[in-house]
$ cat upload33.cif   # mmCIF, C-alpha atoms
data_my_file
#
loop_
_atom_site.label_atom_id
_atom_site.label_comp_id
_atom_site.auth_asym_id
_atom_site.auth_seq_id
_atom_site.Cartn_x
_atom_site.Cartn_y
_atom_site.Cartn_z
CA MET A 2 110.11 79.65 139.35
CA LYS A 3 111.78 82.72 140.81
CA ARG A 4 114.53 82.51 138.17
CA ILE A 5 111.99 82.42 135.36
CA PHE A 6 110.22 85.48 136.79
CA ILE A 7 113.51 87.37 137.06
CA ALA A 8 114.54 86.35 133.53
CA LEU A 9 111.18 87.41 132.07
CA SER A 10 111.31 90.71 133.98
CA PHE A 11 114.78 91.43 132.63
CA LEU A 12 113.67 90.55 129.09
CA PHE A 13 110.63 92.87 129.38
CA ILE A 14 112.79 95.76 130.60
CA ALA A 15 115.38 95.17 127.88
CA LEU A 16 112.76 95.08 125.11
CA SER A 17 111.05 98.18 126.47
CA ALA A 18 114.24 100.14 125.83
CA PHE A 19 113.84 99.52 122.11
CA THR A 20 110.26 100.81 121.84
CA CYS A 21 110.87 104.35 123.01
CA ASP A 22 109.18 106.90 120.79
CA GLU A 23 111.30 109.84 121.89
CA SER A 24 113.65 111.70 119.59
CA ILE A 25 117.25 110.57 119.89
CA THR A 26 118.57 113.96 118.88
CA ASN A 27 117.76 116.89 116.67
CA PRO A 28 120.71 116.97 114.25
CA CYS A 29 119.72 120.44 113.08
CA GLY A 30 120.21 121.99 116.50
CA ASP A 31 117.30 124.03 117.82
CA SER A 32 115.40 123.86 114.54
CA ASP A 33 111.82 125.10 114.94
CA TRP A 34 110.47 123.32 111.86
CA LEU A 35 111.95 119.93 112.84
CA ASN A 36 110.83 120.31 116.46
CA ALA A 37 107.32 121.03 115.14
CA GLU A 38 107.40 117.88 112.99
CA LEU A 39 108.54 115.82 115.97
CA GLN A 40 105.75 117.21 118.15
CA LYS A 41 103.16 116.55 115.43
CA MET A 42 104.25 112.91 115.15
CA ARG A 43 104.28 112.42 118.92
CA ARG A 44 100.68 113.69 119.16
CA ASN A 45 99.50 111.32 116.42
CA LYS A 46 99.16 108.16 118.54
CA ALA A 47 97.80 106.09 115.63
CA GLY A 48 100.52 107.22 113.25
CA LYS A 49 103.42 105.41 111.72
CA GLY A 50 105.72 108.40 111.41
CA LEU A 51 109.40 108.06 110.61
CA ILE A 52 112.09 110.74 110.58
CA GLU A 53 115.56 109.73 109.40
CA GLN A 54 118.85 111.50 108.89
CA TYR A 55 120.95 111.12 105.73
CA ARG A 56 123.94 112.66 104.01
CA TYR A 57 122.76 113.66 100.53
CA LYS A 58 124.66 115.76 98.01
CA ASP A 59 127.23 116.78 100.65
CA GLN A 60 124.67 118.08 103.13
CA LEU A 61 122.57 116.87 106.01
CA ALA A 62 119.15 115.70 104.83
CA ILE A 63 116.10 114.90 106.93
CA SER A 64 113.63 112.39 105.49
CA ILE A 65 110.08 112.57 106.87
CA THR A 66 107.45 109.91 106.19
CA ASP A 67 104.06 110.44 107.84
CA CYS A 68 102.88 106.86 107.36
CA ASN A 69 105.87 104.54 107.08
CA GLY A 70 104.87 101.22 105.54
CA CYS A 71 101.55 102.53 104.25
CA ALA A 72 100.59 102.16 100.60
CA ASP A 73 101.16 105.42 98.74
CA ALA A 74 103.00 107.03 101.65
CA MET A 75 104.82 110.26 100.80
CA THR A 76 108.40 110.87 101.86
CA VAL A 77 109.71 114.43 101.81
CA VAL A 78 113.41 115.23 102.18
CA TYR A 79 114.43 118.55 103.74
CA ASP A 80 117.66 120.35 104.52
CA CYS A 81 118.33 121.64 108.04
CA ALA A 82 116.75 124.98 107.19
CA GLY A 83 113.47 123.19 106.47
CA GLN A 84 113.66 123.72 102.71
CA GLU A 85 112.28 120.84 100.66
CA LEU A 86 115.02 119.12 98.68
CA CYS A 87 112.81 116.53 97.04
CA LYS A 88 109.95 114.10 97.56
CA PHE A 89 108.93 110.66 96.45
CA GLY A 90 105.93 108.38 96.75
CA GLY A 91 102.36 109.40 97.32
CA ILE A 92 99.34 108.45 95.28
CA ALA A 93 100.67 110.50 92.35
CA GLY A 94 103.99 108.64 92.39
CA PHE A 95 106.24 111.67 92.86
CA ASN A 96 109.98 111.18 92.44
CA THR A 97 111.80 114.49 92.28
CA CYS A 98 115.04 112.90 93.50
CA PRO A 99 115.55 109.69 91.53
CA ASP A 100 119.15 109.45 92.75
CA PHE A 101 118.26 109.56 96.47
CA VAL A 102 118.25 105.79 97.02
CA GLY A 103 121.63 105.36 95.32
CA GLU A 104 123.32 108.52 96.59
CA ALA A 105 121.99 109.14 100.11
CA ILE A 106 123.96 107.71 103.02
CA PHE A 107 121.84 106.64 105.97
CA VAL A 108 123.02 108.19 109.25
CA GLY A 109 120.28 107.13 111.66
CA VAL A 110 116.71 107.24 112.86
CA ILE A 111 115.71 110.47 114.57
CA TYR A 112 112.17 109.38 115.42
CA ARG A 113 109.97 106.34 114.80
CA SER A 114 106.39 105.99 116.00
CA ARG A 115 105.58 102.81 117.79
#

$ encode --input "upload33.cif" --output "structure tokens"
Amino acid sequence: MKRIFIALSFLFIALSAFTCDESITNPCGDSDWLNAELQKMRRNKAGKGLIEQYRYKDQLAISITDCNGCADAMTVVYDCAGQELCKFGGIAGFNTCPDFVGEAIFVGVIYRSR
């Protein structure tokens, strides 16, 4: 019985490590706009926010989705200066960067809400 308790405790601790909602890193350095987006997503406890890092057109690109997995969710892609590069999705079906899926190289997840 003691072994089962220890095994379950270890499993719980190990799985808890993968549900952290903290930012791994801010790839844009001390970027005010990205820090503000991170704080906004952390405050939204019911949200499904997702911030990812890509290489797109030879530059760092930050993809922000406020409601990942939601119908008609909007994804906006920014450069490190916070300038919008393009957007896709939303109820209007925006797609100002049709080559993003084929051209962007996924680097990693910066933030994912639980």

$ atom_distance --input "upload33.cif" --atom1 "atom CA of A:Gly109" --atom2 "atom CA of A:Glu53"
5.8 Å

$ closest_residue --input "upload33.cif" --among "A:Arg56, A:Gln40, A:Phe101, A:Ser114" --to "A:Val77" --atoms "all atoms listed in the file"
A:Phe101

$ atom_distance --input "upload33.cif" --atom1 "atom CA of A:Val108" --atom2 "atom CA of A:Leu61"
9.3 Å

$ atom_distance --input "upload33.cif" --atom1 "atom CA of A:Val102" --atom2 "atom CA of A:Gly30"
25.4 Å

$ residues_near_point --input "upload33.cif" --point "(103.0, 108.3, 109.2)" --cutoff "6 Å" --atoms "only C-alpha atoms" --output "PDB file with C-alpha atoms, keeping the file's coordinate frame"
ATOM      1  CA  GLY A  48     100.520 107.220 113.250  1.00  0.00           C
ATOM      2  CA  LYS A  49     103.420 105.410 111.720  1.00  0.00           C
ATOM      3  CA  GLY A  50     105.720 108.400 111.410  1.00  0.00           C
ATOM      4  CA  THR A  66     107.450 109.910 106.190  1.00  0.00           C
ATOM      5  CA  ASP A  67     104.060 110.440 107.840  1.00  0.00           C
ATOM      6  CA  CYS A  68     102.880 106.860 107.360  1.00  0.00           C
ATOM      7  CA  ASN A  69     105.870 104.540 107.080  1.00  0.00           C
TER       8      ASN A  69
END

$ resolve_selection --input "upload33.cif" --expression "the PyMOL selection byres ((chain A and resi 87-99) around 12)" --output "ChimeraX atom specification"
/A:57-58,62-80,83-86,100-105

$ closest_residue --input "upload33.cif" --among "A:Phe107, A:Arg113, A:Asp31, A:Asp59" --to "A:Arg43" --atoms "all atoms listed in the file"
A:Arg113

$ closest_residue --input "upload33.cif" --among "A:Ala82, A:Ile106, A:Ile111, A:Leu51" --to "A:Asp33" --atoms "all atoms listed in the file"
A:Ala82

$ decode --input "upload33.cif" --residues "stretch 33-75 of chain A" --atoms "N, CA and C atoms" --output "mmCIF file, in the first residue's frame"
data_model
loop_
_atom_site.group_PDB
_atom_site.id
_atom_site.type_symbol
_atom_site.label_atom_id
_atom_site.label_comp_id
_atom_site.auth_asym_id
_atom_site.auth_seq_id
_atom_site.Cartn_x
_atom_site.Cartn_y
_atom_site.Cartn_z
ATOM 1 N N ASP A 33 7.680 45.484 -23.398
ATOM 2 C CA ASP A 33 6.503 45.926 -22.650
ATOM 3 C C ASP A 33 5.206 45.362 -23.210
ATOM 4 N N TRP A 34 5.049 45.369 -24.523
ATOM 5 C CA TRP A 34 3.795 44.915 -25.115
ATOM 6 C C TRP A 34 3.577 43.423 -24.871
ATOM 7 N N LEU A 35 4.640 42.606 -24.984
ATOM 8 C CA LEU A 35 4.489 41.169 -24.770
ATOM 9 C C LEU A 35 4.281 40.864 -23.288
ATOM 10 N N ASN A 36 4.983 41.578 -22.422
ATOM 11 C CA ASN A 36 4.751 41.410 -20.979
ATOM 12 C C ASN A 36 3.310 41.755 -20.619
ATOM 13 N N ALA A 37 2.749 42.786 -21.251
ATOM 14 C CA ALA A 37 1.358 43.167 -21.000
ATOM 15 C C ALA A 37 0.403 42.072 -21.469
ATOM 16 N N GLU A 38 0.676 41.470 -22.619
ATOM 17 C CA GLU A 38 -0.155 40.366 -23.114
ATOM 18 C C GLU A 38 -0.087 39.166 -22.169
ATOM 19 N N LEU A 39 1.100 38.870 -21.687
ATOM 20 C CA LEU A 39 1.258 37.758 -20.742
ATOM 21 C C LEU A 39 0.473 38.009 -19.463
ATOM 22 N N GLN A 40 0.553 39.225 -18.927
ATOM 23 C CA GLN A 40 -0.174 39.561 -17.710
ATOM 24 C C GLN A 40 -1.686 39.483 -17.930
ATOM 25 N N LYS A 41 -2.146 39.949 -19.086
ATOM 26 C CA LYS A 41 -3.573 39.907 -19.395
ATOM 27 C C LYS A 41 -4.068 38.455 -19.438
ATOM 28 N N MET A 42 -3.299 37.572 -20.040
ATOM 29 C CA MET A 42 -3.704 36.171 -20.102
ATOM 30 C C MET A 42 -3.655 35.497 -18.735
ATOM 31 N N ARG A 43 -2.691 35.841 -17.923
ATOM 32 C CA ARG A 43 -2.601 35.263 -16.578
ATOM 33 C C ARG A 43 -3.781 35.673 -15.709
ATOM 34 N N ARG A 44 -4.277 36.906 -15.893
ATOM 35 C CA ARG A 44 -5.416 37.386 -15.101
ATOM 36 C C ARG A 44 -6.731 36.743 -15.539
ATOM 37 N N ASN A 45 -6.823 36.328 -16.785
ATOM 38 C CA ASN A 45 -8.042 35.734 -17.320
ATOM 39 C C ASN A 45 -8.068 34.244 -16.963
ATOM 40 N N LYS A 46 -8.575 33.919 -15.785
ATOM 41 C CA LYS A 46 -8.555 32.551 -15.273
ATOM 42 C C LYS A 46 -9.422 31.599 -16.096
ATOM 43 N N ALA A 47 -10.426 32.106 -16.783
ATOM 44 C CA ALA A 47 -11.302 31.249 -17.578
ATOM 45 C C ALA A 47 -10.824 31.130 -19.024
ATOM 46 N N GLY A 48 -9.756 31.827 -19.348
ATOM 47 C CA GLY A 48 -9.301 31.896 -20.726
ATOM 48 C C GLY A 48 -8.601 30.650 -21.230
ATOM 49 N N LYS A 49 -8.400 30.648 -22.513
ATOM 50 C CA LYS A 49 -7.679 29.576 -23.190
ATOM 51 C C LYS A 49 -6.583 30.200 -24.052
ATOM 52 N N GLY A 50 -5.864 31.148 -23.466
ATOM 53 C CA GLY A 50 -4.856 31.887 -24.204
ATOM 54 C C GLY A 50 -3.656 31.043 -24.595
ATOM 55 N N LEU A 51 -3.072 31.395 -25.717
ATOM 56 C CA LEU A 51 -1.891 30.700 -26.223
ATOM 57 C C LEU A 51 -0.977 31.714 -26.895
ATOM 58 N N ILE A 52 0.287 31.727 -26.476
ATOM 59 C CA ILE A 52 1.292 32.575 -27.119
ATOM 60 C C ILE A 52 2.419 31.657 -27.570
ATOM 61 N N GLU A 53 2.725 31.705 -28.855
ATOM 62 C CA GLU A 53 3.757 30.842 -29.425
ATOM 63 C C GLU A 53 4.798 31.673 -30.167
ATOM 64 N N GLN A 54 5.962 31.097 -30.288
ATOM 65 C CA GLN A 54 7.073 31.744 -30.994
ATOM 66 C C GLN A 54 7.343 30.989 -32.287
ATOM 67 N N TYR A 55 7.536 31.751 -33.370
ATOM 68 C CA TYR A 55 7.837 31.195 -34.687
ATOM 69 C C TYR A 55 8.973 31.965 -35.326
ATOM 70 N N ARG A 56 9.557 31.374 -36.360
ATOM 71 C CA ARG A 56 10.418 32.098 -37.299
ATOM 72 C C ARG A 56 9.569 32.248 -38.549
ATOM 73 N N TYR A 57 9.363 33.483 -38.996
ATOM 74 C CA TYR A 57 8.511 33.753 -40.149
ATOM 75 C C TYR A 57 9.135 34.872 -40.960
ATOM 76 N N LYS A 58 9.389 34.590 -42.211
ATOM 77 C CA LYS A 58 10.009 35.566 -43.119
ATOM 78 C C LYS A 58 11.293 36.129 -42.508
ATOM 79 N N ASP A 59 12.144 35.236 -42.048
ATOM 80 C CA ASP A 59 13.470 35.577 -41.502
ATOM 81 C C ASP A 59 13.432 36.507 -40.293
ATOM 82 N N GLN A 60 12.379 36.432 -39.502
ATOM 83 C CA GLN A 60 12.327 37.207 -38.271
ATOM 84 C C GLN A 60 11.562 36.436 -37.200
ATOM 85 N N LEU A 61 11.752 36.840 -35.981
ATOM 86 C CA LEU A 61 11.016 36.258 -34.876
ATOM 87 C C LEU A 61 9.576 36.734 -34.954
ATOM 88 N N ALA A 62 8.634 35.808 -34.801
ATOM 89 C CA ALA A 62 7.217 36.155 -34.835
ATOM 90 C C ALA A 62 6.539 35.571 -33.600
ATOM 91 N N ILE A 63 5.654 36.348 -33.017
ATOM 92 C CA ILE A 63 4.912 35.942 -31.831
ATOM 93 C C ILE A 63 3.442 35.816 -32.220
ATOM 94 N N SER A 64 2.897 34.621 -32.064
ATOM 95 C CA SER A 64 1.510 34.336 -32.391
ATOM 96 C C SER A 64 0.691 34.355 -31.102
ATOM 97 N N ILE A 65 -0.370 35.158 -31.073
ATOM 98 C CA ILE A 65 -1.211 35.271 -29.880
ATOM 99 C C ILE A 65 -2.645 34.912 -30.235
ATOM 100 N N THR A 66 -3.168 33.918 -29.522
ATOM 101 C CA THR A 66 -4.555 33.483 -29.677
ATOM 102 C C THR A 66 -5.220 33.622 -28.314
ATOM 103 N N ASP A 67 -6.254 34.448 -28.229
ATOM 104 C CA ASP A 67 -6.930 34.681 -26.951
ATOM 105 C C ASP A 67 -7.761 33.495 -26.494
ATOM 106 N N CYS A 68 -8.290 32.725 -27.431
ATOM 107 C CA CYS A 68 -9.161 31.607 -27.069
ATOM 108 C C CYS A 68 -8.812 30.398 -27.930
ATOM 109 N N ASN A 69 -7.684 29.778 -27.638
ATOM 110 C CA ASN A 69 -7.207 28.639 -28.400
ATOM 111 C C ASN A 69 -8.225 27.494 -28.341
ATOM 112 N N GLY A 70 -8.587 26.980 -29.498
ATOM 113 C CA GLY A 70 -9.547 25.892 -29.569
ATOM 114 C C GLY A 70 -10.994 26.341 -29.648
ATOM 115 N N CYS A 71 -11.235 27.634 -29.540
ATOM 116 C CA CYS A 71 -12.597 28.154 -29.624
ATOM 117 C C CYS A 71 -12.983 28.374 -31.086
ATOM 118 N N ALA A 72 -14.255 28.171 -31.378
ATOM 119 C CA ALA A 72 -14.742 28.465 -32.727
ATOM 120 C C ALA A 72 -14.550 29.954 -33.004
ATOM 121 N N ASP A 73 -14.101 30.267 -34.177
ATOM 122 C CA ASP A 73 -13.907 31.651 -34.614
ATOM 123 C C ASP A 73 -12.870 32.416 -33.799
ATOM 124 N N ALA A 74 -11.914 31.713 -33.223
ATOM 125 C CA ALA A 74 -10.847 32.393 -32.480
ATOM 126 C C ALA A 74 -9.949 33.145 -33.461
ATOM 127 N N MET A 75 -9.467 34.290 -33.022
ATOM 128 C CA MET A 75 -8.571 35.115 -33.836
ATOM 129 C C MET A 75 -7.137 34.914 -33.371
#
